[in-house]
Amino acid sequence: MARPNKRTTLREVAEATGLSTAAVSYALRGKHVSKETEERVRKAAAELGYEADPIARALASGRTSMVGVLAGDLQDLWQQQLMAAIGRELLAGDRYALILDAGGDPDRELGLAKQLRDQRVDALLVSPVDPSAQGWAAIAEALPVVAVGDSLSRARTAGQVIFDNRAGIDAVLEYLHGLGHRRVSVLTPTQPSTPDRPADVYVGEAAGRLGLRTELVPCPQELGEATAVARRVLQGAHSPTAVFCFSDSLAYGVYAAAAEDSLEVGRDVSVVGFDDHPVSRVLTPPLTTVDWGLSEIAAAAARLTVAAIEGRRVRKKRVLCAPRMRERGSTMRV
(Lines give C-alpha, C1' and ligand atoms only; values in the text may rest on other atoms or scores of the structure.)
Protein backbone atom coordinates (compact mmCIF):
# COMPACT_ATOMS: atom_id res chain seq x y z
CA MET A 1 0.00 0.00 0.00
CA ALA A 2 1.16 3.55 -0.69
CA ARG A 3 2.37 5.43 2.37
CA PRO A 4 0.35 8.56 3.18
CA ASN A 5 1.89 11.99 2.50
CA LYS A 6 4.87 10.46 0.73
CA ARG A 7 5.24 10.17 -3.03
CA THR A 8 6.05 6.65 -4.18
CA THR A 9 9.26 6.70 -6.21
CA LEU A 10 10.16 5.04 -9.48
CA ARG A 11 12.86 3.12 -7.63
CA GLU A 12 10.24 1.56 -5.31
CA VAL A 13 8.24 0.37 -8.32
CA ALA A 14 11.44 -1.06 -9.76
CA GLU A 15 12.19 -2.93 -6.51
CA ALA A 16 8.65 -4.31 -6.40
CA THR A 17 8.90 -5.67 -9.93
CA GLY A 18 12.54 -6.72 -9.93
CA LEU A 19 13.32 -4.47 -12.86
CA SER A 20 15.66 -1.55 -13.40
CA THR A 21 14.34 1.98 -13.04
CA ALA A 22 14.98 2.50 -16.76
CA ALA A 23 12.88 -0.55 -17.65
CA VAL A 24 10.07 0.66 -15.37
CA SER A 25 10.19 4.11 -16.95
CA TYR A 26 9.97 2.60 -20.42
CA ALA A 27 7.11 0.33 -19.36
CA LEU A 28 5.08 3.21 -17.93
CA ARG A 29 5.48 5.05 -21.23
CA GLY A 30 4.67 1.94 -23.27
CA LYS A 31 8.07 1.86 -25.00
CA HIS A 32 10.73 -0.80 -25.64
CA VAL A 33 9.21 -3.52 -23.41
CA SER A 34 6.86 -6.44 -23.93
CA LYS A 35 3.14 -6.09 -23.35
CA GLU A 36 3.38 -8.46 -20.39
CA THR A 37 6.10 -6.37 -18.74
CA GLU A 38 4.16 -3.18 -19.34
CA GLU A 39 1.03 -4.64 -17.72
CA ARG A 40 3.03 -5.99 -14.73
CA VAL A 41 4.68 -2.63 -14.12
CA ARG A 42 1.44 -0.67 -14.45
CA LYS A 43 -0.28 -3.01 -12.00
CA ALA A 44 2.52 -2.61 -9.46
CA ALA A 45 2.54 1.17 -9.92
CA ALA A 46 -1.21 1.32 -9.31
CA GLU A 47 -0.96 -0.83 -6.16
CA LEU A 48 1.85 1.34 -4.79
CA GLY A 49 0.05 4.55 -5.70
CA TYR A 50 2.86 5.69 -7.98
CA GLU A 51 2.33 8.93 -9.90
CA ALA A 52 4.91 10.39 -12.22
CA ASP A 53 6.58 13.51 -10.83
CA PRO A 54 6.01 16.16 -13.51
CA ILE A 55 8.93 18.30 -12.34
CA ALA A 56 11.37 15.39 -12.40
CA ARG A 57 10.05 14.31 -15.76
CA ALA A 58 10.51 17.83 -17.14
CA LEU A 59 14.08 18.02 -15.81
CA ALA A 60 14.93 14.64 -17.30
CA SER A 61 13.37 15.24 -20.70
CA GLY A 62 13.83 19.00 -21.03
CA ARG A 63 10.09 19.27 -21.69
CA THR A 64 7.21 20.54 -19.59
CA SER A 65 4.29 19.15 -21.68
CA MET A 66 2.98 22.74 -21.70
CA VAL A 67 2.24 24.59 -24.94
CA GLY A 68 1.74 28.35 -24.89
CA VAL A 69 -1.35 29.28 -26.89
CA LEU A 70 -1.54 33.01 -27.52
CA ALA A 71 -4.86 34.38 -28.76
CA GLY A 72 -5.01 37.68 -30.59
CA ASP A 73 -8.22 38.80 -28.89
CA LEU A 74 -10.58 36.58 -26.90
CA GLN A 75 -13.37 39.15 -27.20
CA ASP A 76 -13.75 37.49 -30.61
CA LEU A 77 -16.13 34.60 -29.92
CA TRP A 78 -14.74 32.53 -32.79
CA GLN A 79 -11.23 32.81 -31.34
CA GLN A 80 -12.57 31.56 -28.02
CA GLN A 81 -13.97 28.55 -29.84
CA LEU A 82 -10.72 27.99 -31.76
CA MET A 83 -8.50 28.18 -28.67
CA ALA A 84 -10.73 25.72 -26.82
CA ALA A 85 -10.55 23.33 -29.79
CA ILE A 86 -6.74 23.62 -29.94
CA GLY A 87 -6.58 22.92 -26.20
CA ARG A 88 -8.63 19.75 -26.66
CA GLU A 89 -6.42 18.58 -29.53
CA LEU A 90 -3.27 19.10 -27.49
CA LEU A 91 -4.77 17.38 -24.45
CA ALA A 92 -5.52 14.32 -26.56
CA GLY A 93 -1.76 14.03 -27.00
CA ASP A 94 -1.03 14.51 -23.26
CA ARG A 95 -0.01 18.13 -23.71
CA TYR A 96 -1.56 21.06 -21.94
CA ALA A 97 -2.47 24.44 -23.35
CA LEU A 98 -1.59 27.56 -21.41
CA ILE A 99 -3.97 30.01 -23.12
CA LEU A 100 -3.26 33.74 -22.87
CA ASP A 101 -5.07 36.70 -24.41
CA ALA A 102 -3.24 39.55 -26.16
CA GLY A 103 -6.44 41.61 -26.08
CA GLY A 104 -5.77 42.99 -29.54
CA ASP A 105 -2.63 44.80 -28.31
CA PRO A 106 0.53 44.06 -30.35
CA ASP A 107 2.89 45.18 -27.55
CA ARG A 108 1.10 43.02 -25.01
CA GLU A 109 1.21 40.15 -27.50
CA LEU A 110 5.01 40.21 -27.78
CA GLY A 111 5.35 40.67 -24.02
CA LEU A 112 3.23 37.59 -23.33
CA ALA A 113 5.11 35.59 -25.97
CA LYS A 114 8.40 36.40 -24.21
CA GLN A 115 6.94 35.41 -20.84
CA LEU A 116 5.83 32.06 -22.25
CA ARG A 117 9.30 31.54 -23.72
CA ASP A 118 10.91 32.34 -20.36
CA GLN A 119 8.55 29.92 -18.59
CA ARG A 120 9.99 27.17 -20.81
CA VAL A 121 6.86 26.07 -22.61
CA ASP A 122 7.67 23.36 -25.14
CA ALA A 123 6.28 25.43 -28.03
CA LEU A 124 4.23 28.51 -28.81
CA LEU A 125 1.10 28.52 -30.92
CA VAL A 126 -0.05 32.04 -31.85
CA SER A 127 -2.90 33.75 -33.71
CA PRO A 128 -1.04 37.03 -34.20
CA VAL A 129 -2.30 40.57 -33.81
CA ASP A 130 0.81 41.90 -35.57
CA PRO A 131 2.21 39.19 -37.84
CA SER A 132 4.97 41.46 -39.19
CA ALA A 133 6.46 42.45 -35.80
CA GLN A 134 10.25 42.10 -35.70
CA GLY A 135 10.16 40.48 -32.26
CA TRP A 136 8.83 37.19 -33.61
CA ALA A 137 12.21 36.29 -35.13
CA ALA A 138 13.99 36.04 -31.77
CA ILE A 139 11.12 34.14 -30.18
CA ALA A 140 11.07 31.60 -33.02
CA GLU A 141 14.82 31.10 -32.56
CA ALA A 142 14.26 30.18 -28.91
CA LEU A 143 11.41 27.66 -29.26
CA PRO A 144 9.13 26.15 -31.93
CA VAL A 145 6.44 28.61 -33.04
CA VAL A 146 3.34 27.72 -35.04
CA ALA A 147 1.26 30.55 -36.52
CA VAL A 148 -2.50 30.37 -37.10
CA GLY A 149 -4.36 32.80 -39.35
CA ASP A 150 -1.56 34.97 -40.72
CA SER A 151 2.05 33.95 -41.29
CA LEU A 152 4.82 35.58 -39.26
CA SER A 153 6.66 37.27 -42.10
CA ARG A 154 9.86 37.97 -40.15
CA ALA A 155 10.19 34.66 -38.29
CA ARG A 156 11.27 31.15 -39.14
CA THR A 157 8.28 29.21 -37.85
CA ALA A 158 7.94 25.49 -37.22
CA GLY A 159 4.58 25.49 -39.00
CA GLN A 160 1.77 27.67 -40.28
CA VAL A 161 -1.98 27.18 -40.61
CA ILE A 162 -2.91 30.10 -42.82
CA PHE A 163 -6.31 31.38 -43.93
CA ASP A 164 -6.55 32.12 -47.64
CA ASN A 165 -7.79 35.61 -46.90
CA ARG A 166 -7.42 36.75 -50.49
CA ALA A 167 -9.79 34.02 -51.67
CA GLY A 168 -12.20 34.69 -48.78
CA ILE A 169 -12.34 38.44 -49.40
CA ASP A 170 -12.71 37.95 -53.14
CA ALA A 171 -15.59 35.53 -52.52
CA VAL A 172 -17.45 37.94 -50.22
CA LEU A 173 -16.97 41.09 -52.29
CA GLU A 174 -17.80 39.31 -55.56
CA TYR A 175 -20.93 37.94 -53.89
CA LEU A 176 -22.01 41.41 -52.73
CA HIS A 177 -21.17 42.89 -56.13
CA GLY A 178 -23.36 40.26 -57.76
CA LEU A 179 -26.24 41.35 -55.52
CA GLY A 180 -25.85 44.91 -56.82
CA HIS A 181 -24.00 46.47 -53.88
CA ARG A 182 -21.53 49.23 -54.70
CA ARG A 183 -21.00 50.89 -51.27
CA VAL A 184 -19.54 48.46 -48.74
CA SER A 185 -18.15 49.27 -45.30
CA VAL A 186 -15.60 46.77 -43.99
CA LEU A 187 -15.25 46.44 -40.21
CA THR A 188 -11.75 45.29 -39.30
CA PRO A 189 -10.14 44.66 -35.89
CA THR A 190 -6.90 46.11 -37.26
CA GLN A 191 -5.55 48.97 -35.15
CA PRO A 192 -3.59 52.03 -36.32
CA SER A 193 -0.47 50.46 -34.77
CA THR A 194 -0.72 47.41 -37.07
CA PRO A 195 -1.53 48.81 -40.52
CA ASP A 196 -1.36 46.92 -43.80
CA ARG A 197 -2.40 43.55 -42.46
CA PRO A 198 -2.85 41.24 -45.47
CA ALA A 199 -6.66 41.06 -45.27
CA ASP A 200 -6.97 44.85 -45.24
CA VAL A 201 -4.72 45.14 -48.29
CA TYR A 202 -6.76 42.51 -50.16
CA VAL A 203 -9.95 44.56 -49.66
CA GLY A 204 -8.45 47.46 -51.61
CA GLU A 205 -7.25 45.17 -54.38
CA ALA A 206 -10.61 43.42 -54.78
CA ALA A 207 -12.60 46.67 -54.54
CA GLY A 208 -10.52 48.25 -57.29
CA ARG A 209 -11.02 45.27 -59.55
CA LEU A 210 -14.80 45.15 -58.96
CA GLY A 211 -15.45 48.90 -58.97
CA LEU A 212 -16.69 48.97 -55.37
CA ARG A 213 -16.53 51.93 -53.00
CA THR A 214 -15.20 50.43 -49.77
CA GLU A 215 -14.27 51.98 -46.45
CA LEU A 216 -12.11 50.15 -43.91
CA VAL A 217 -13.40 50.95 -40.42
CA PRO A 218 -11.34 49.88 -37.34
CA CYS A 219 -13.66 48.18 -34.87
CA PRO A 220 -13.09 46.47 -31.48
CA GLN A 221 -14.36 42.93 -30.98
CA GLU A 222 -16.29 43.66 -27.76
CA LEU A 223 -20.03 43.77 -28.51
CA GLY A 224 -20.81 47.16 -26.98
CA GLU A 225 -17.88 48.85 -28.71
CA ALA A 226 -18.63 47.12 -32.01
CA THR A 227 -22.24 48.28 -31.76
CA ALA A 228 -21.11 51.90 -31.26
CA VAL A 229 -18.86 51.75 -34.33
CA ALA A 230 -21.58 50.09 -36.42
CA ARG A 231 -24.06 52.76 -35.31
CA ARG A 232 -21.79 55.49 -36.68
CA VAL A 233 -21.37 53.59 -39.95
CA LEU A 234 -25.10 53.04 -40.47
CA GLN A 235 -25.97 56.64 -39.55
CA GLY A 236 -23.29 58.23 -41.72
CA ALA A 237 -24.05 60.66 -44.53
CA HIS A 238 -23.08 58.03 -47.11
CA SER A 239 -24.29 54.91 -45.34
CA PRO A 240 -23.37 51.62 -47.03
CA THR A 241 -25.83 49.16 -48.49
CA ALA A 242 -23.67 46.31 -47.13
CA VAL A 243 -21.35 45.81 -44.17
CA PHE A 244 -18.64 43.16 -44.39
CA CYS A 245 -17.21 42.20 -40.99
CA PHE A 246 -13.85 40.50 -40.47
CA SER A 247 -15.36 38.42 -37.67
CA ASP A 248 -18.86 37.30 -36.83
CA SER A 249 -18.46 39.03 -33.45
CA LEU A 250 -18.22 42.36 -35.29
CA ALA A 251 -21.31 41.44 -37.30
CA TYR A 252 -23.28 40.99 -34.08
CA GLY A 253 -22.56 44.64 -33.35
CA VAL A 254 -24.07 45.58 -36.71
CA TYR A 255 -27.20 43.58 -35.90
CA ALA A 256 -27.50 45.42 -32.57
CA ALA A 257 -26.97 48.85 -34.16
CA ALA A 258 -29.47 48.10 -36.92
CA ALA A 259 -32.12 47.08 -34.39
CA GLU A 260 -31.61 50.35 -32.49
CA ASP A 261 -32.31 52.28 -35.70
CA SER A 262 -35.31 50.09 -36.65
CA LEU A 263 -33.38 48.74 -39.63
CA GLU A 264 -33.92 45.15 -40.70
CA VAL A 265 -30.83 43.14 -41.57
CA GLY A 266 -31.39 41.39 -44.89
CA ARG A 267 -33.94 43.99 -46.01
CA ASP A 268 -32.51 47.45 -45.27
CA VAL A 269 -28.83 46.52 -45.09
CA SER A 270 -26.79 43.43 -45.97
CA VAL A 271 -24.37 42.03 -43.39
CA VAL A 272 -21.66 39.40 -43.97
CA GLY A 273 -19.37 37.82 -41.38
CA PHE A 274 -16.10 35.96 -41.76
CA ASP A 275 -15.83 32.90 -39.52
CA ASP A 276 -19.17 31.06 -39.09
CA HIS A 277 -19.52 31.04 -35.31
CA PRO A 278 -22.40 28.75 -34.18
CA VAL A 279 -24.39 31.76 -32.87
CA SER A 280 -24.55 33.09 -36.45
CA ARG A 281 -26.90 30.30 -37.47
CA VAL A 282 -29.54 31.19 -34.87
CA LEU A 283 -29.71 34.95 -35.43
CA THR A 284 -32.76 36.53 -37.06
CA PRO A 285 -32.03 36.42 -39.91
CA PRO A 286 -29.14 33.90 -39.87
CA LEU A 287 -25.83 35.49 -40.82
CA THR A 288 -24.22 34.99 -44.22
CA THR A 289 -20.57 34.28 -43.43
CA VAL A 290 -17.41 32.38 -44.36
CA ASP A 291 -16.58 28.97 -42.88
CA TRP A 292 -12.84 28.26 -42.52
CA GLY A 293 -13.17 24.77 -41.02
CA LEU A 294 -12.42 25.34 -37.35
CA SER A 295 -11.95 21.70 -36.35
CA GLU A 296 -9.50 21.13 -39.20
CA ILE A 297 -7.57 24.28 -38.24
CA ALA A 298 -7.27 23.14 -34.61
CA ALA A 299 -6.17 19.63 -35.59
CA ALA A 300 -3.56 20.89 -38.06
CA ALA A 301 -2.17 23.45 -35.61
CA ALA A 302 -1.85 20.88 -32.83
CA ARG A 303 -0.30 18.32 -35.19
CA LEU A 304 2.38 20.75 -36.39
CA THR A 305 3.10 21.87 -32.84
CA VAL A 306 3.54 18.35 -31.45
CA ALA A 307 5.70 17.35 -34.43
CA ALA A 308 7.95 20.36 -33.80
CA ILE A 309 8.26 19.52 -30.09
CA GLU A 310 9.19 15.92 -30.85
CA GLY A 311 11.60 16.90 -33.62
CA ARG A 312 9.68 14.97 -36.24
CA ARG A 313 9.81 16.04 -39.85
CA VAL A 314 6.47 16.74 -41.48
CA ARG A 315 5.74 16.63 -45.18
CA LYS A 316 3.83 19.89 -45.18
CA LYS A 317 4.64 22.69 -42.72
CA ARG A 318 2.27 25.19 -44.32
CA VAL A 319 -1.45 24.42 -44.36
CA LEU A 320 -3.63 26.78 -46.41
CA CYS A 321 -7.28 26.89 -45.30
CA ALA A 322 -9.82 27.51 -48.05
CA PRO A 323 -12.97 29.61 -47.45
CA ARG A 324 -16.49 28.28 -47.87
CA MET A 325 -19.33 30.78 -48.26
CA ARG A 326 -22.39 30.09 -46.09
CA GLU A 327 -25.18 32.08 -47.72
CA ARG A 328 -28.07 32.78 -45.32
CA GLY A 329 -30.71 35.45 -44.81
CA SER A 330 -28.65 38.51 -43.85
CA THR A 331 -28.06 39.74 -47.41
CA MET A 332 -30.39 41.11 -50.08
CA ARG A 333 -30.29 42.23 -53.69
CA VAL A 334 -30.30 45.97 -54.36
# chains A, B, ... in the order shown; residues from 1 in each chain; ligands from 1
call {"tool": "closest_atom_pairs", "arguments": {"of": "segment 243-297 of chain A", "to": "segment 126-148 of chain A", "cutoff": "12 Å", "atoms": "only C-alpha atoms", "output": "CSV"}}
result
residue,atom,partner,partner_atom,distance
A:Trp292,CA,A:Val148,CA,11.9
A:Leu294,CA,A:Val148,CA,11.1
A:Glu296,CA,A:Val148,CA,11.8
A:Ile297,CA,A:Val148,CA,8.0
call {"tool": "residues_around", "arguments": {"residues": "segment 90-106 of chain A", "least_positions_apart": "5", "cutoff": "10 Å", "atoms": "only C-alpha atoms", "output": "ChimeraX atom specification"}}
result
/A:64-76,80,83-85,111-113,116,121-131,133,189-191,193-194,220-221,298-299,301-303,305-306
call {"tool": "select_by_dssp", "arguments": {"residues": "segment 62-303 of chain A", "states": "strand (DSSP E or B)", "output": "JSON, numbers by chain"}}
result
{"A": [66, 67, 68, 69, 70, 71, 96, 97, 98, 99, 100, 101, 123, 124, 125, 126, 145, 146, 147, 148, 149, 159, 160, 161, 162, 163, 183, 184, 185, 186, 187, 188, 213, 214, 215, 216, 217, 218, 242, 243, 244, 245, 265, 269, 270, 271, 272, 288, 289, 290, 291]}
call {"tool": "closest_residue", "arguments": {"among": "A:Val272, A:Ala300, A:Ala322, A:Ala308", "to": "Leu82 of chain A", "atoms": "only C-alpha atoms"}}
result
A:Ala300
call {"tool": "closest_residue", "arguments": {"among": "A:Tyr255, A:Phe274, A:Phe163, A:Tyr50", "to": "Arg318 of chain A", "atoms": "only C-alpha atoms"}}
result
A:Phe163
call {"tool": "select_by_dssp", "arguments": {"residues": "segment 125-258 of chain A", "states": "helix (DSSP H, G or I)", "output": "number ranges by chain"}}
result
A: 135-142, 165-178, 198-210, 223-234, 248-258
call {"tool": "atom_distance", "arguments": {"atom1": "atom CA of Val41 of chain A", "atom2": "atom CA of Leu19 of chain A"}}
result
8.9 Å
call {"tool": "closest_residue", "arguments": {"among": "A:Leu320, A:Leu110, A:Val172, A:Ala242", "to": "Gln160 of chain A", "atoms": "only C-alpha atoms"}}
result
A:Leu320
call {"tool": "atom_distance", "arguments": {"atom1": "atom CA of Gly236 of chain A", "atom2": "atom CA of Pro286 of chain A"}}
result
25.1 Å
